[in-house]
$ cat target23.cif   # mmCIF, C-alpha atoms and all ligand atoms
data_entry
loop_
_atom_site.label_atom_id
_atom_site.label_comp_id
_atom_site.auth_asym_id
_atom_site.auth_seq_id
_atom_site.Cartn_x
_atom_site.Cartn_y
_atom_site.Cartn_z
CA MET A 1 5.11 17.65 -15.66
CA PHE A 2 8.48 16.01 -15.69
CA ALA A 3 7.81 12.74 -13.98
CA PRO A 4 4.99 11.37 -16.18
CA ARG A 5 6.98 12.28 -19.27
CA LEU A 6 9.95 10.36 -17.93
CA LEU A 7 7.76 7.36 -17.31
CA ALA A 8 6.48 7.46 -20.89
CA CYS A 9 10.07 7.51 -22.07
CA ALA A 10 10.91 4.49 -19.98
CA LEU A 11 7.94 2.60 -21.38
CA LEU A 12 8.99 3.44 -24.92
CA ALA A 13 12.50 2.27 -24.20
CA LEU A 14 11.22 -1.02 -22.80
CA GLY A 15 8.80 -1.60 -25.66
CA PRO A 16 11.13 -3.13 -28.23
CA ALA A 17 12.75 -5.44 -25.67
CA ALA A 18 9.40 -6.79 -24.56
CA THR A 19 8.44 -7.38 -28.19
CA ALA A 20 11.68 -9.16 -28.95
CA ALA A 21 11.00 -11.61 -26.12
CA THR A 22 8.12 -13.10 -28.08
CA HIS A 23 10.54 -14.10 -30.84
CA MET A 24 12.84 -16.14 -28.66
CA PRO A 25 11.80 -19.75 -29.08
CA ILE A 26 15.06 -21.37 -28.00
CA GLU A 27 15.70 -22.40 -24.41
CA VAL A 28 19.11 -23.57 -23.22
CA ARG A 29 18.99 -26.04 -20.33
CA GLN A 30 21.74 -27.18 -17.99
CA PRO A 31 24.82 -25.78 -19.69
CA TRP A 32 27.88 -27.49 -18.24
CA SER A 33 31.49 -28.09 -18.98
CA ARG A 34 34.53 -30.04 -17.84
CA PRO A 35 37.97 -28.99 -16.69
CA SER A 36 39.99 -27.90 -19.72
CA ALA A 37 42.52 -30.12 -21.46
CA GLY A 38 45.41 -27.99 -22.63
CA THR A 39 43.81 -24.93 -24.18
CA SER A 40 40.59 -26.69 -25.19
CA GLY A 41 37.28 -26.86 -23.37
CA VAL A 42 33.88 -28.39 -24.05
CA GLY A 43 30.29 -27.27 -23.61
CA TYR A 44 27.26 -29.48 -23.07
CA MET A 45 23.59 -28.49 -22.84
CA LEU A 46 20.10 -29.21 -24.07
CA LEU A 47 18.70 -26.91 -26.74
CA VAL A 48 14.90 -26.83 -26.71
CA ASN A 49 12.93 -25.24 -29.52
CA HIS A 50 9.54 -24.05 -28.28
CA GLY A 51 8.80 -22.48 -31.66
CA ARG A 52 6.60 -23.68 -34.47
CA THR A 53 9.42 -23.64 -37.01
CA ALA A 54 12.79 -25.34 -37.08
CA ASP A 55 15.76 -23.30 -35.95
CA ALA A 56 19.48 -23.95 -35.88
CA LEU A 57 22.53 -23.11 -33.84
CA VAL A 58 24.76 -21.32 -36.35
CA LYS A 59 27.42 -19.63 -34.26
CA ALA A 60 28.92 -19.49 -30.78
CA GLU A 61 31.49 -17.22 -29.21
CA SER A 62 33.14 -16.73 -25.86
CA PRO A 63 35.27 -13.96 -24.39
CA LEU A 64 37.47 -16.72 -22.92
CA ALA A 65 38.23 -18.58 -26.15
CA ALA A 66 39.79 -17.73 -29.51
CA ARG A 67 36.84 -19.48 -31.16
CA VAL A 68 33.96 -21.80 -30.39
CA GLU A 69 32.99 -24.64 -32.73
CA ALA A 70 30.07 -27.05 -32.75
CA HIS A 71 31.30 -30.63 -33.12
CA ARG A 72 29.70 -34.00 -33.40
CA ALA A 73 31.54 -37.00 -32.07
CA THR A 74 30.87 -40.33 -33.70
CA LEU A 75 32.15 -43.79 -32.93
CA ALA A 76 33.06 -45.80 -36.02
CA GLY A 77 35.04 -49.01 -35.96
CA GLY A 78 36.01 -48.40 -32.35
CA VAL A 79 37.48 -44.99 -33.20
CA MET A 80 35.97 -41.78 -31.87
CA SER A 81 36.16 -38.91 -34.31
CA MET A 82 34.86 -35.35 -34.27
CA ALA A 83 33.37 -33.48 -37.20
CA PRO A 84 32.78 -29.71 -37.10
CA GLN A 85 29.15 -28.75 -37.72
CA VAL A 86 28.30 -25.59 -39.65
CA ARG A 87 24.82 -25.63 -38.15
CA VAL A 88 22.93 -27.83 -35.75
CA GLU A 89 19.22 -28.10 -36.56
CA ILE A 90 16.65 -28.04 -33.78
CA PRO A 91 13.27 -29.25 -35.02
CA ALA A 92 10.10 -27.31 -34.25
CA GLY A 93 8.87 -28.38 -30.83
CA GLY A 94 11.94 -30.59 -30.45
CA SER A 95 15.33 -30.57 -28.79
CA VAL A 96 18.94 -31.46 -29.40
CA ALA A 97 21.22 -32.74 -26.67
CA PHE A 98 24.85 -31.69 -26.51
CA ALA A 99 26.36 -34.45 -24.40
CA PRO A 100 29.51 -36.56 -24.09
CA GLY A 101 29.86 -38.84 -27.13
CA GLY A 102 27.68 -36.68 -29.39
CA TYR A 103 27.23 -33.02 -30.11
CA HIS A 104 29.34 -30.63 -28.08
CA LEU A 105 30.73 -27.15 -28.25
CA MET A 106 34.48 -27.00 -28.46
CA PHE A 107 36.19 -23.95 -27.00
CA VAL A 108 39.47 -23.56 -28.86
CA GLY A 109 42.32 -21.44 -27.57
CA LEU A 110 41.13 -20.90 -24.01
CA LYS A 111 42.67 -17.84 -22.43
CA THR A 112 42.49 -19.37 -18.98
CA PRO A 113 42.37 -23.00 -17.77
CA LEU A 114 39.00 -24.25 -16.50
CA LYS A 115 38.63 -26.15 -13.27
CA ALA A 116 35.62 -27.52 -11.42
CA GLY A 117 33.56 -24.71 -9.95
CA ASP A 118 34.45 -22.22 -12.69
CA ARG A 119 32.01 -20.74 -15.13
CA LEU A 120 32.53 -20.44 -18.85
CA PRO A 121 30.54 -17.66 -20.52
CA ALA A 122 29.40 -17.88 -24.14
CA THR A 123 26.88 -16.42 -26.53
CA LEU A 124 24.92 -18.73 -28.81
CA VAL A 125 23.52 -17.41 -32.07
CA PHE A 126 20.58 -19.06 -33.82
CA ALA A 127 19.44 -18.92 -37.44
CA GLY A 128 16.22 -17.25 -36.32
CA GLY A 129 18.27 -14.31 -35.03
CA GLN A 130 18.12 -15.13 -31.33
CA ARG A 131 21.27 -14.62 -29.28
CA VAL A 132 21.44 -16.37 -25.93
CA ALA A 133 23.97 -15.64 -23.20
CA VAL A 134 24.98 -18.89 -21.54
CA SER A 135 27.13 -19.62 -18.50
CA PHE A 136 28.54 -23.16 -18.57
CA ALA A 137 29.07 -24.59 -15.08
CA VAL A 138 32.35 -26.49 -14.96
CA GLY A 139 32.08 -29.81 -13.13
CA SER A 140 34.44 -32.71 -12.55
CA GLY A 141 32.11 -35.62 -13.32
CA SER A 142 30.60 -37.20 -16.42
CA GLY A 143 27.30 -35.37 -16.09
CA PRO A 144 26.04 -31.87 -15.27
CA PRO A 145 27.28 -30.57 -11.89
CA ALA A 146 24.72 -29.44 -9.32
CA ALA A 147 25.51 -25.86 -10.30
CA ALA A 148 24.03 -26.48 -13.76
CA MET A 149 20.79 -27.98 -12.50
CA GLY A 150 17.72 -25.88 -12.98
CA HIS A 151 19.95 -23.29 -14.57
CA THR A 152 17.58 -22.15 -17.25
CA VAL A 153 19.20 -19.55 -19.39
CA ALA A 154 16.43 -18.24 -21.55
CA ARG A 155 12.71 -18.74 -21.37
CA PRO A 156 10.65 -17.82 -24.38
CA GLU A 157 7.07 -18.00 -25.36
CA ALA A 158 4.64 -15.51 -26.64
CA GLY A 159 2.71 -14.10 -23.74
CA ALA A 160 2.93 -16.98 -21.31
CA GLU A 161 6.40 -16.47 -20.00
CA ARG A 162 8.90 -13.69 -20.20
CA THR A 163 12.36 -14.28 -21.49
CA GLN A 164 14.88 -14.13 -18.71
CA LEU A 165 18.56 -14.30 -18.58
CA VAL A 166 19.98 -15.85 -15.46
CA THR A 167 23.69 -15.56 -14.97
CA LYS A 168 24.95 -16.96 -11.72
CA LYS A 169 28.46 -16.27 -10.62
CU CU B 1 35.13 -31.56 -30.44
#
$ encode --input "target23.cif" --output "structure tokens" --more "lines below"
Ligand SMILES: [Cu+2]
Amino acid sequence: MFAPRLLACALLALGPAATAATHMPIEVRQPWSRPSAGTSGVGYMLLVNHGRTADALVKAESPLAARVEAHRATLAGGVMSMAPQVRVEIPAGGSVAFAPGGYHLMFVGLKTPLKAGDRLPATLVFAGGQRVAVSFAVGSGSGPPAAAMGHTVARPEAGAERTQLVTKK
């Protein structure tokens, strides 16, 4: 019979994806951004590592920017400076905040200006092999806009919860 065979095919096709979900320890919480300055934009978020081993953000890309860099801002002698980061470690069971005055993503060479209410799409790549699609909500204030609240991008965890990608427009 045709139908049961088709169902088996569908199950086979879904198999690998379901398995991959158990290897996605990183959760991205409240990704948000600010209106662009010139052709540069920023990205803030909280990276949570639910895994039992350390992981690291090693790459980021966006269809709206020429390149995306991880930076760390530090204040020394009253001068704020930014240093590019090759990788940002996230300890096992820990988290790293990307927030004003510290770590942030820098979107270089934006193809379109960002204003409050916009969304900035990006893909984050982790040392463990996980790729997470993120949609940064652009706000006008100094903290995450309402649009970023409860905007969980990826949920991991072996068994307990399924990984889900939520992309609001
Ligand atoms: Cu920067």
$ closest_atom_pairs --input "target23.cif" --of "chain A" --to "ligand CU 1 (chain B)" --cutoff "7 Å" --atoms "all atoms listed in the file" --output "CSV"
residue,atom,partner,partner_atom,distance
A:His71,CA,B:CU1,CU,4.8
A:Arg72,CA,B:CU1,CU,6.6
A:Ala73,CA,B:CU1,CU,6.7
A:Met82,CA,B:CU1,CU,5.4
A:His104,CA,B:CU1,CU,6.3
A:Leu105,CA,B:CU1,CU,6.6
A:Met106,CA,B:CU1,CU,5.0
$ residues_around --input "target23.cif" --residues "segment 27-35 of chain A" --least-positions-apart "3" --cutoff "9 Å" --atoms "all atoms listed in the file" --output "ChimeraX atom specification"
/A:24,41-50,113-116,118-120,132,134-145,147-156
$ residues_around --input "target23.cif" --residues "segment 55-64 of chain A" --least-positions-apart "6" --cutoff "7 Å" --atoms "only C-alpha atoms" --output "ChimeraX atom specification"
/A:86-91,110-112,121-128
$ write_last_selection --input "target23.cif" --atoms "C-alpha atoms" --output "compact mmCIF listing (two decimals), in the coordinates of the input"
# COMPACT_ATOMS: atom_id res chain seq x y z
CA VAL A 86 28.30 -25.59 -39.65
CA ARG A 87 24.82 -25.63 -38.15
CA VAL A 88 22.93 -27.83 -35.75
CA GLU A 89 19.22 -28.10 -36.56
CA ILE A 90 16.65 -28.04 -33.78
CA PRO A 91 13.27 -29.25 -35.02
CA LEU A 110 41.13 -20.90 -24.01
CA LYS A 111 42.67 -17.84 -22.43
CA THR A 112 42.49 -19.37 -18.98
CA PRO A 121 30.54 -17.66 -20.52
CA ALA A 122 29.40 -17.88 -24.14
CA THR A 123 26.88 -16.42 -26.53
CA LEU A 124 24.92 -18.73 -28.81
CA VAL A 125 23.52 -17.41 -32.07
CA PHE A 126 20.58 -19.06 -33.82
CA ALA A 127 19.44 -18.92 -37.44
CA GLY A 128 16.22 -17.25 -36.32
$ atom_distance --input "target23.cif" --atom1 "atom CA of Gly117 of chain A" --atom2 "atom CA of Pro100 of chain A"
18.9 Å
$ closest_residue --input "target23.cif" --among "A:Gln130, A:Ala70, A:Ser81, A:Ala37" --to "Phe98 of chain A" --atoms "only C-alpha atoms"
A:Ala70
$ atom_distance --input "target23.cif" --atom1 "atom CA of Pro25 of chain A" --atom2 "atom CA of Tyr103 of chain A"
20.4 Å
$ closest_residue --input "target23.cif" --among "A:Ser95, A:Ala146, A:Thr39, A:Gly102" --to "Ala66 of chain A" --atoms "all atoms listed in the file"
A:Thr39
$ closest_residue --input "target23.cif" --among "A:Pro84, A:Gly94, A:Ile26, A:Val79" --to "Gly129 of chain A" --atoms "all atoms listed in the file"
A:Ile26
$ atom_distance --input "target23.cif" --atom1 "atom CA of Val108 of chain A" --atom2 "atom CA of Glu69 of chain A"
7.6 Å
$ closest_residue --input "target23.cif" --among "A:Ser36, A:Val96, A:Gly101, A:Ala54" --to "Ala83 of chain A" --atoms "all atoms listed in the file"
A:Gly101
$ build_atoms --input "target23.cif" --residues "segment 49-76 of chain A" --atoms "N, CA and C atoms" --output "mmCIF file, in the coordinates of the input"
data_model
loop_
_atom_site.group_PDB
_atom_site.id
_atom_site.type_symbol
_atom_site.label_atom_id
_atom_site.label_comp_id
_atom_site.auth_asym_id
_atom_site.auth_seq_id
_atom_site.Cartn_x
_atom_site.Cartn_y
_atom_site.Cartn_z
ATOM 1 N N ASN A 49 13.595 -26.190 -28.619
ATOM 2 C CA ASN A 49 12.930 -25.240 -29.520
ATOM 3 C C ASN A 49 11.424 -25.237 -29.238
ATOM 4 N N HIS A 50 10.964 -24.164 -28.600
ATOM 5 C CA HIS A 50 9.540 -24.050 -28.280
ATOM 6 C C HIS A 50 8.750 -23.466 -29.451
ATOM 7 N N GLY A 51 9.456 -23.125 -30.528
ATOM 8 C CA GLY A 51 8.800 -22.480 -31.660
ATOM 9 C C GLY A 51 8.062 -23.442 -32.572
ATOM 10 N N ARG A 52 7.357 -22.869 -33.520
ATOM 11 C CA ARG A 52 6.600 -23.680 -34.470
ATOM 12 C C ARG A 52 7.373 -23.935 -35.751
ATOM 13 N N THR A 53 8.586 -23.374 -35.832
ATOM 14 C CA THR A 53 9.420 -23.640 -37.010
ATOM 15 C C THR A 53 10.794 -24.112 -36.538
ATOM 16 N N ALA A 54 11.440 -24.853 -37.412
ATOM 17 C CA ALA A 54 12.790 -25.340 -37.080
ATOM 18 C C ALA A 54 13.736 -24.164 -36.945
ATOM 19 N N ASP A 55 14.740 -24.333 -36.116
ATOM 20 C CA ASP A 55 15.760 -23.300 -35.950
ATOM 21 C C ASP A 55 17.101 -24.037 -35.959
ATOM 22 N N ALA A 56 18.168 -23.300 -35.870
ATOM 23 C CA ALA A 56 19.480 -23.950 -35.880
ATOM 24 C C ALA A 56 20.499 -23.108 -35.157
ATOM 25 N N LEU A 57 21.386 -23.796 -34.455
ATOM 26 C CA LEU A 57 22.530 -23.110 -33.840
ATOM 27 C C LEU A 57 23.535 -22.874 -34.974
ATOM 28 N N VAL A 58 23.879 -21.618 -35.221
ATOM 29 C CA VAL A 58 24.760 -21.320 -36.350
ATOM 30 C C VAL A 58 26.093 -20.710 -35.928
ATOM 31 N N LYS A 59 26.176 -20.259 -34.667
ATOM 32 C CA LYS A 59 27.420 -19.630 -34.260
ATOM 33 C C LYS A 59 27.507 -19.608 -32.732
ATOM 34 N N ALA A 60 28.713 -19.630 -32.218
ATOM 35 C CA ALA A 60 28.920 -19.490 -30.780
ATOM 36 C C ALA A 60 30.223 -18.747 -30.560
ATOM 37 N N GLU A 61 30.261 -17.953 -29.526
ATOM 38 C CA GLU A 61 31.490 -17.220 -29.210
ATOM 39 C C GLU A 61 31.639 -17.081 -27.713
ATOM 40 N N SER A 62 32.869 -16.888 -27.281
ATOM 41 C CA SER A 62 33.140 -16.730 -25.860
ATOM 42 C C SER A 62 34.283 -15.754 -25.667
ATOM 43 N N PRO A 63 34.167 -14.875 -24.662
ATOM 44 C CA PRO A 63 35.270 -13.960 -24.390
ATOM 45 C C PRO A 63 36.504 -14.695 -23.880
ATOM 46 N N LEU A 64 36.341 -15.964 -23.476
ATOM 47 C CA LEU A 64 37.470 -16.720 -22.920
ATOM 48 C C LEU A 64 38.145 -17.652 -23.921
ATOM 49 N N ALA A 65 37.642 -17.675 -25.167
ATOM 50 C CA ALA A 65 38.230 -18.580 -26.150
ATOM 51 C C ALA A 65 38.458 -17.869 -27.480
ATOM 52 N N ALA A 66 39.499 -18.315 -28.196
ATOM 53 C CA ALA A 66 39.790 -17.730 -29.510
ATOM 54 C C ALA A 66 38.617 -17.989 -30.444
ATOM 55 N N ARG A 67 38.053 -19.194 -30.389
ATOM 56 C CA ARG A 67 36.840 -19.480 -31.160
ATOM 57 C C ARG A 67 36.079 -20.643 -30.542
ATOM 58 N N VAL A 68 34.811 -20.737 -30.906
ATOM 59 C CA VAL A 68 33.960 -21.800 -30.390
ATOM 60 C C VAL A 68 33.340 -22.528 -31.581
ATOM 61 N N GLU A 69 33.512 -23.846 -31.618
ATOM 62 C CA GLU A 69 32.990 -24.640 -32.730
ATOM 63 C C GLU A 69 31.962 -25.641 -32.213
ATOM 64 N N ALA A 70 30.990 -25.962 -33.074
ATOM 65 C CA ALA A 70 30.070 -27.050 -32.750
ATOM 66 C C ALA A 70 30.632 -28.300 -33.404
ATOM 67 N N HIS A 71 30.770 -29.363 -32.622
ATOM 68 C CA HIS A 71 31.300 -30.630 -33.120
ATOM 69 C C HIS A 71 30.302 -31.750 -32.884
ATOM 70 N N ARG A 72 30.460 -32.794 -33.683
ATOM 71 C CA ARG A 72 29.700 -34.000 -33.400
ATOM 72 C C ARG A 72 30.690 -35.152 -33.345
ATOM 73 N N ALA A 73 30.663 -35.840 -32.226
ATOM 74 C CA ALA A 73 31.540 -37.000 -32.070
ATOM 75 C C ALA A 73 30.799 -38.243 -32.526
ATOM 76 N N THR A 74 31.486 -39.070 -33.291
ATOM 77 C CA THR A 74 30.870 -40.330 -33.700
ATOM 78 C C THR A 74 31.871 -41.462 -33.482
ATOM 79 N N LEU A 75 31.322 -42.620 -33.167
ATOM 80 C CA LEU A 75 32.150 -43.790 -32.930
ATOM 81 C C LEU A 75 32.007 -44.699 -34.139
ATOM 82 N N ALA A 76 33.105 -44.919 -34.842
ATOM 83 C CA ALA A 76 33.060 -45.800 -36.020
ATOM 84 C C ALA A 76 34.254 -46.734 -35.971
#
